[in-house]
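A.B. asks: Have a look at this one before I ask anything.
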Amino acid sequence: MEIDINFVDRHVLVFGGTTGINFDVGQAFARRGARVCVVSRKRENVDGAVAALLGHGALVHGACADVRDFDAVGAAIDGAVSRFGPIDVLVSGAAGNFLCEANAISANGFRAVVDIDLIGTFHVLRQAYGHLRKPGASIINITAPQATVPMRYQAHAAAAKAGIDQLTRVLALEWGADGVRVNAISPGPIDATEGFRKLIARTDAELAAAEAAVPLRRFGTTSDIANLALFLASPYASYISGAVVPCDGGGALDSVKPAIERAGADFPDRV
């Protein structure tokens with residue numbers, strides 16, 4: 001079930017929007033009449049996402065860009081704006097992650113995650129700023145509970161996500177006078193995503209134990225995140241800015257942390 005908010009003729013731009021959580025966020029906006037642009041690094045993912053979104057009868061545009069490339073991000077945004085006009089809703093959700101002890105991560109491995117998650121988020125927001133509808137635009141960054149919950153094997157991701165949280169708050173301060181709201185969603189364990197089994201558990205027994213550890217006794221769904229994004233982008237959230245909003249079943253990542261850390265012990269290779 002999704003909340004019913006009208007986004008007819010609104011331009012929604014989703015980076016990382018061709019798979020997983022971000023794709024379902026894009027779908028939710030498309031079903032409500034938005035003009036949706038999705039950006040991802042892989043052409044085949046972009047083409048597949050565009051085809052699926054067209055099935056909702058939405059106006060759709062797709063572009064390829066690696067968020068680590070500032071100029072490529074700018075070109076993708078320019079193309080989206082020339083097609084659909086000023087950006088009403090910007091979702092920055094490109095991410096990378098793997099499990100590895102800090103003393104085994106190479107400098108390149110650590111840098112790769114920070115470059116994609118944190119630097120990539122900055123690239124997206126910085127390049128989009130001049131194209132945001134002012135006043136009225138809503139920015140939603142996708143972060144993670146590792147930003148505040150310390151976890152073994154996640155030094156790289158935790159550092160990057162903590163940076164995203166603080167970037168969200170700072171830009172809410174700086175861009176608020178323009179009428180631009182900047183918030184972040186922090187998903188807990190969300191089923192049916194690529195990283196879910198990798199980070200939580202890989203056997204049915206491990207999965208059941210992890211699910212039982214969630215305070216609400218269930219894993220989240222991509223629709224849970226999409227509903228929150230719809231709300232944050234809507235007029236009903238017009239006085240919410242600078243917020244990092246957990247959507248995690250009640251502190252779920254802290255609850256399932258032992259399962260994640262046990263999984264990490266099975267990945268001894270240096271990265």
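Identifiers for the structure tokens are assigned positionally: chains receive A, B, ... in sequence, residues are indexed from 1 per chain, and ligands are indexed from 1 in the order shown.
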Per DSSP on the backbone, what are the alpha helix (DSSP H) residues of stretch 105-215 of chain A, as a PyMOL selection string?
C.D. replies: chain A and resi 107-114+120-128+155-175+194-199+204-213
A.B. asks: May I ask which of the residues A:Pro189, A:Pro235, A:Gly48, A:Gly17 is the closest one to A:Asp254, counting only C-alpha atoms?
C.D. replies: A:Pro189
A.B. asks: Fewer than 4 positions away in the same chain doesn't count, so skip those; otherwise give me all residues within 10 Å of stretch 227-233 of chain A, counting only C-alpha atoms, as a ChimeraX atom specification.
C.D. replies: /A:1-7,12,22,24-26,28-29,32,88-91,136-142,181-185,222-223,237-241,243,245-247
A.B. asks: Just to be explicit: take each residue in the selection above, keep N, CA and C atoms, and write the result as a tab-separated table (two decimals), in the first residue's frame.
C.D. replies:
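Listing of result.tsv after writing:
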chain	number	residue	atom	x	y	z
A	1	MET	N	0.84	-1.19	0.00
A	1	MET	CA	0.00	0.00	0.00
A	1	MET	C	0.88	1.24	0.00
A	2	GLU	N	0.52	2.23	-0.82
A	2	GLU	CA	1.26	3.48	-0.87
A	2	GLU	C	0.33	4.65	-0.63
A	3	ILE	N	0.84	5.68	0.01
A	3	ILE	CA	0.03	6.86	0.26
A	3	ILE	C	-0.29	7.55	-1.06
A	4	ASP	N	-1.42	8.22	-1.10
A	4	ASP	CA	-1.93	8.79	-2.34
A	4	ASP	C	-1.69	10.29	-2.35
A	5	ILE	N	-0.59	10.72	-2.96
A	5	ILE	CA	-0.25	12.13	-3.09
A	5	ILE	C	0.00	12.40	-4.57
A	6	ASN	N	-0.56	13.50	-5.06
A	6	ASN	CA	-0.48	13.82	-6.48
A	6	ASN	C	0.83	14.54	-6.80
A	7	PHE	N	1.59	14.01	-7.78
A	7	PHE	CA	2.80	14.67	-8.25
A	7	PHE	C	2.72	14.93	-9.76
A	12	VAL	N	10.81	14.66	-11.18
A	12	VAL	CA	11.50	13.88	-10.14
A	12	VAL	C	12.73	13.23	-10.76
A	22	ASN	N	15.87	2.66	-4.76
A	22	ASN	CA	15.74	3.89	-5.54
A	22	ASN	C	14.80	3.71	-6.73
A	24	ASP	N	12.20	1.68	-6.85
A	24	ASP	CA	10.83	1.67	-6.34
A	24	ASP	C	10.38	3.07	-5.93
A	25	VAL	N	11.31	3.90	-5.45
A	25	VAL	CA	10.98	5.29	-5.17
A	25	VAL	C	10.56	5.98	-6.47
A	26	GLY	N	11.33	5.79	-7.52
A	26	GLY	CA	10.98	6.37	-8.81
A	26	GLY	C	9.63	5.88	-9.31
A	28	ALA	N	7.12	4.87	-7.51
A	28	ALA	CA	6.04	5.46	-6.70
A	28	ALA	C	5.68	6.85	-7.21
A	29	PHE	N	6.69	7.64	-7.57
A	29	PHE	CA	6.41	8.97	-8.11
A	29	PHE	C	5.76	8.87	-9.50
A	32	ARG	N	2.15	8.39	-9.61
A	32	ARG	CA	1.39	9.57	-9.18
A	32	ARG	C	1.54	10.74	-10.13
A	88	ASP	N	11.83	19.37	-9.30
A	88	ASP	CA	10.97	19.51	-8.11
A	88	ASP	C	11.41	18.59	-6.98
A	89	VAL	N	11.81	17.38	-7.32
A	89	VAL	CA	12.24	16.40	-6.32
A	89	VAL	C	13.53	15.76	-6.81
A	90	LEU	N	14.56	15.80	-5.97
A	90	LEU	CA	15.85	15.19	-6.30
A	90	LEU	C	16.15	14.12	-5.27
A	91	VAL	N	16.36	12.89	-5.74
A	91	VAL	CA	16.71	11.78	-4.86
A	91	VAL	C	18.13	11.34	-5.20
A	136	GLY	N	10.48	25.67	-3.42
A	136	GLY	CA	9.63	24.49	-3.54
A	136	GLY	C	10.31	23.16	-3.72
A	137	ALA	N	11.58	23.13	-4.14
A	137	ALA	CA	12.23	21.84	-4.39
A	137	ALA	C	12.46	21.07	-3.10
A	138	SER	N	12.43	19.75	-3.25
A	138	SER	CA	12.71	18.84	-2.13
A	138	SER	C	13.83	17.90	-2.52
A	139	ILE	N	14.86	17.83	-1.68
A	139	ILE	CA	15.98	16.91	-1.89
A	139	ILE	C	15.90	15.80	-0.85
A	140	ILE	N	16.08	14.56	-1.31
A	140	ILE	CA	16.08	13.40	-0.40
A	140	ILE	C	17.34	12.61	-0.65
A	141	ASN	N	18.22	12.56	0.34
A	141	ASN	CA	19.41	11.72	0.26
A	141	ASN	C	19.12	10.37	0.91
A	142	ILE	N	19.69	9.32	0.34
A	142	ILE	CA	19.55	7.99	0.94
A	142	ILE	C	20.83	7.69	1.71
A	181	ARG	N	14.12	22.34	0.52
A	181	ARG	CA	14.21	21.47	1.69
A	181	ARG	C	15.17	20.31	1.40
A	182	VAL	N	15.99	19.95	2.39
A	182	VAL	CA	16.98	18.88	2.24
A	182	VAL	C	16.82	17.92	3.41
A	183	ASN	N	16.45	16.68	3.10
A	183	ASN	CA	16.26	15.65	4.12
A	183	ASN	C	16.96	14.36	3.68
A	184	ALA	N	17.00	13.40	4.57
A	184	ALA	CA	17.59	12.09	4.25
A	184	ALA	C	16.73	10.99	4.84
A	185	ILE	N	16.72	9.86	4.16
A	185	ILE	CA	16.06	8.65	4.65
A	185	ILE	C	17.15	7.64	4.98
A	222	THR	N	10.64	-2.14	0.05
A	222	THR	CA	10.95	-0.93	-0.70
A	222	THR	C	9.77	0.04	-0.70
A	223	SER	N	8.55	-0.46	-0.57
A	223	SER	CA	7.39	0.42	-0.48
A	223	SER	C	7.41	1.26	0.78
A	237	ALA	N	4.92	17.79	4.19
A	237	ALA	CA	6.20	17.87	4.91
A	237	ALA	C	6.89	19.21	4.66
A	238	SER	N	6.10	20.24	4.38
A	238	SER	CA	6.67	21.52	3.94
A	238	SER	C	7.49	22.23	5.00
A	239	TYR	N	7.38	21.80	6.27
A	239	TYR	CA	8.17	22.43	7.33
A	239	TYR	C	9.22	21.47	7.89
A	240	ILE	N	9.52	20.43	7.13
A	240	ILE	CA	10.54	19.46	7.55
A	240	ILE	C	11.76	19.64	6.66
A	241	SER	N	12.87	19.99	7.26
A	241	SER	CA	14.13	20.11	6.52
A	241	SER	C	15.29	19.88	7.49
A	243	ALA	N	16.30	16.92	8.32
A	243	ALA	CA	16.00	15.73	9.11
A	243	ALA	C	16.60	14.48	8.46
A	245	VAL	N	15.70	10.76	8.64
A	245	VAL	CA	14.55	10.01	9.15
A	245	VAL	C	14.80	8.51	9.04
A	246	PRO	N	14.86	7.80	10.17
A	246	PRO	CA	15.01	6.34	10.10
A	246	PRO	C	13.73	5.68	9.60
A	247	CYS	N	13.90	4.66	8.79
A	247	CYS	CA	12.78	3.80	8.41
A	247	CYS	C	13.30	2.38	8.59
A.B. asks: Quick one: distance from atom CA of A:Ala52 to atom CA of A:Asp191 in Å, one decimal?
C.D. replies: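 Between these atoms lies a distance of 20.3 Å.
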A.B. asks: Between atom CA of A:Glu101 and atom CA of A:Gln154, what is the spacing in Å?
C.D. replies: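 Spanning atom CA of A:Gln154 to atom CA of A:Glu101 is a straight-line distance of 7.3 Å.
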A.B. asks: State, in Å with one decimal place, the distance from atom CA of A:Gly176 to atom CA of A:Asp115.
C.D. replies: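 Distance reported for this atom pair: 26.1 Å.
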A.B. asks: May I have the residues within 12 Å of A:Phe15 as a PyMOL selection string, using only C-alpha atoms and disregarding those fewer than 5 positions away in the same chain?
C.D. replies: chain A and resi 20-23+25-26+36-42+46+62-68+73-74+76-77+80+89-95+116-117+120-125+128+139-142
A.B. asks: Pick out the residues sitting within 9 Å of A:Leu53, and hand them over as a ChimeraX atom specification; count only C-alpha atoms, and ignore anything fewer than 2 positions along from it in its own chain.
C.D. replies: /A:26-27,30-31,36,48-51,55-60
A.B. asks: Next, dump the selected residues to file, keeping only N, CA and C atoms, as a PDB file, in the first residue's frame.
C.D. replies:
ATOM      1  N   GLY A  26      11.330   5.791  -7.524  1.00  0.00           N
ATOM      2  CA  GLY A  26      10.976   6.372  -8.811  1.00  0.00           C
ATOM      3  C   GLY A  26       9.634   5.882  -9.306  1.00  0.00           C
ATOM      4  N   GLN A  27       9.372   4.583  -9.144  1.00  0.00           N
ATOM      5  CA  GLN A  27       8.075   4.024  -9.558  1.00  0.00           C
ATOM      6  C   GLN A  27       6.924   4.669  -8.816  1.00  0.00           C
ATOM      7  N   ALA A  30       6.231   7.923 -10.313  1.00  0.00           N
ATOM      8  CA  ALA A  30       5.668   7.758 -11.654  1.00  0.00           C
ATOM      9  C   ALA A  30       4.194   7.398 -11.589  1.00  0.00           C
ATOM     10  N   ARG A  31       3.825   6.555 -10.632  1.00  0.00           N
ATOM     11  CA  ARG A  31       2.420   6.163 -10.501  1.00  0.00           C
ATOM     12  C   ARG A  31       1.529   7.331 -10.085  1.00  0.00           C
ATOM     13  N   VAL A  36       9.554  11.438 -14.552  1.00  0.00           N
ATOM     14  CA  VAL A  36      10.641  10.814 -13.801  1.00  0.00           C
ATOM     15  C   VAL A  36      11.872  10.624 -14.678  1.00  0.00           C
ATOM     16  N   GLY A  48      16.358  -0.811 -18.837  1.00  0.00           N
ATOM     17  CA  GLY A  48      15.351  -1.642 -18.186  1.00  0.00           C
ATOM     18  C   GLY A  48      14.428  -0.839 -17.291  1.00  0.00           C
ATOM     19  N   ALA A  49      15.000   0.102 -16.555  1.00  0.00           N
ATOM     20  CA  ALA A  49      14.187   0.928 -15.663  1.00  0.00           C
ATOM     21  C   ALA A  49      13.248   1.828 -16.454  1.00  0.00           C
ATOM     22  N   VAL A  50      13.745   2.417 -17.529  1.00  0.00           N
ATOM     23  CA  VAL A  50      12.911   3.288 -18.355  1.00  0.00           C
ATOM     24  C   VAL A  50      11.732   2.500 -18.930  1.00  0.00           C
ATOM     25  N   ALA A  51      11.993   1.302 -19.424  1.00  0.00           N
ATOM     26  CA  ALA A  51      10.920   0.485 -19.988  1.00  0.00           C
ATOM     27  C   ALA A  51       9.860   0.172 -18.934  1.00  0.00           C
ATOM     28  N   GLY A  55       5.735   1.700 -18.454  1.00  0.00           N
ATOM     29  CA  GLY A  55       4.562   0.860 -18.256  1.00  0.00           C
ATOM     30  C   GLY A  55       3.528   1.475 -17.333  1.00  0.00           C
ATOM     31  N   HIS A  56       3.940   2.469 -16.544  1.00  0.00           N
ATOM     32  CA  HIS A  56       2.996   3.175 -15.672  1.00  0.00           C
ATOM     33  C   HIS A  56       2.366   4.370 -16.375  1.00  0.00           C
ATOM     34  N   GLY A  57       2.682   4.539 -17.648  1.00  0.00           N
ATOM     35  CA  GLY A  57       2.136   5.657 -18.395  1.00  0.00           C
ATOM     36  C   GLY A  57       2.789   6.984 -18.079  1.00  0.00           C
ATOM     37  N   ALA A  58       3.948   6.946 -17.444  1.00  0.00           N
ATOM     38  CA  ALA A  58       4.637   8.169 -17.052  1.00  0.00           C
ATOM     39  C   ALA A  58       5.511   8.692 -18.185  1.00  0.00           C
ATOM     40  N   LEU A  59       5.808   9.982 -18.133  1.00  0.00           N
ATOM     41  CA  LEU A  59       6.848  10.550 -18.980  1.00  0.00           C
ATOM     42  C   LEU A  59       8.181  10.250 -18.313  1.00  0.00           C
ATOM     43  N   VAL A  60       9.086   9.602 -19.057  1.00  0.00           N
ATOM     44  CA  VAL A  60      10.312   9.068 -18.455  1.00  0.00           C
ATOM     45  C   VAL A  60      11.515   9.443 -19.300  1.00  0.00           C
TER      46      VAL A  60
END
A.B. asks: Which polymer residues have any atom within 9 Å of an atom of A:Ala159, counting only C-alpha atoms, with same-chain residues fewer than 3 positions away left out, as a PyMOL selection string?
C.D. replies: chain A and resi 114+118+146-147+154-156+162-164
A.B. asks: Could you check which of A:Gly33, A:Gly109, A:Gly250, A:Gly188 is closest to A:His11, using only C-alpha atoms?
C.D. replies: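 When distances to A:His11 are compared using only C-alpha atoms, the smallest one comes from A:Gly33.
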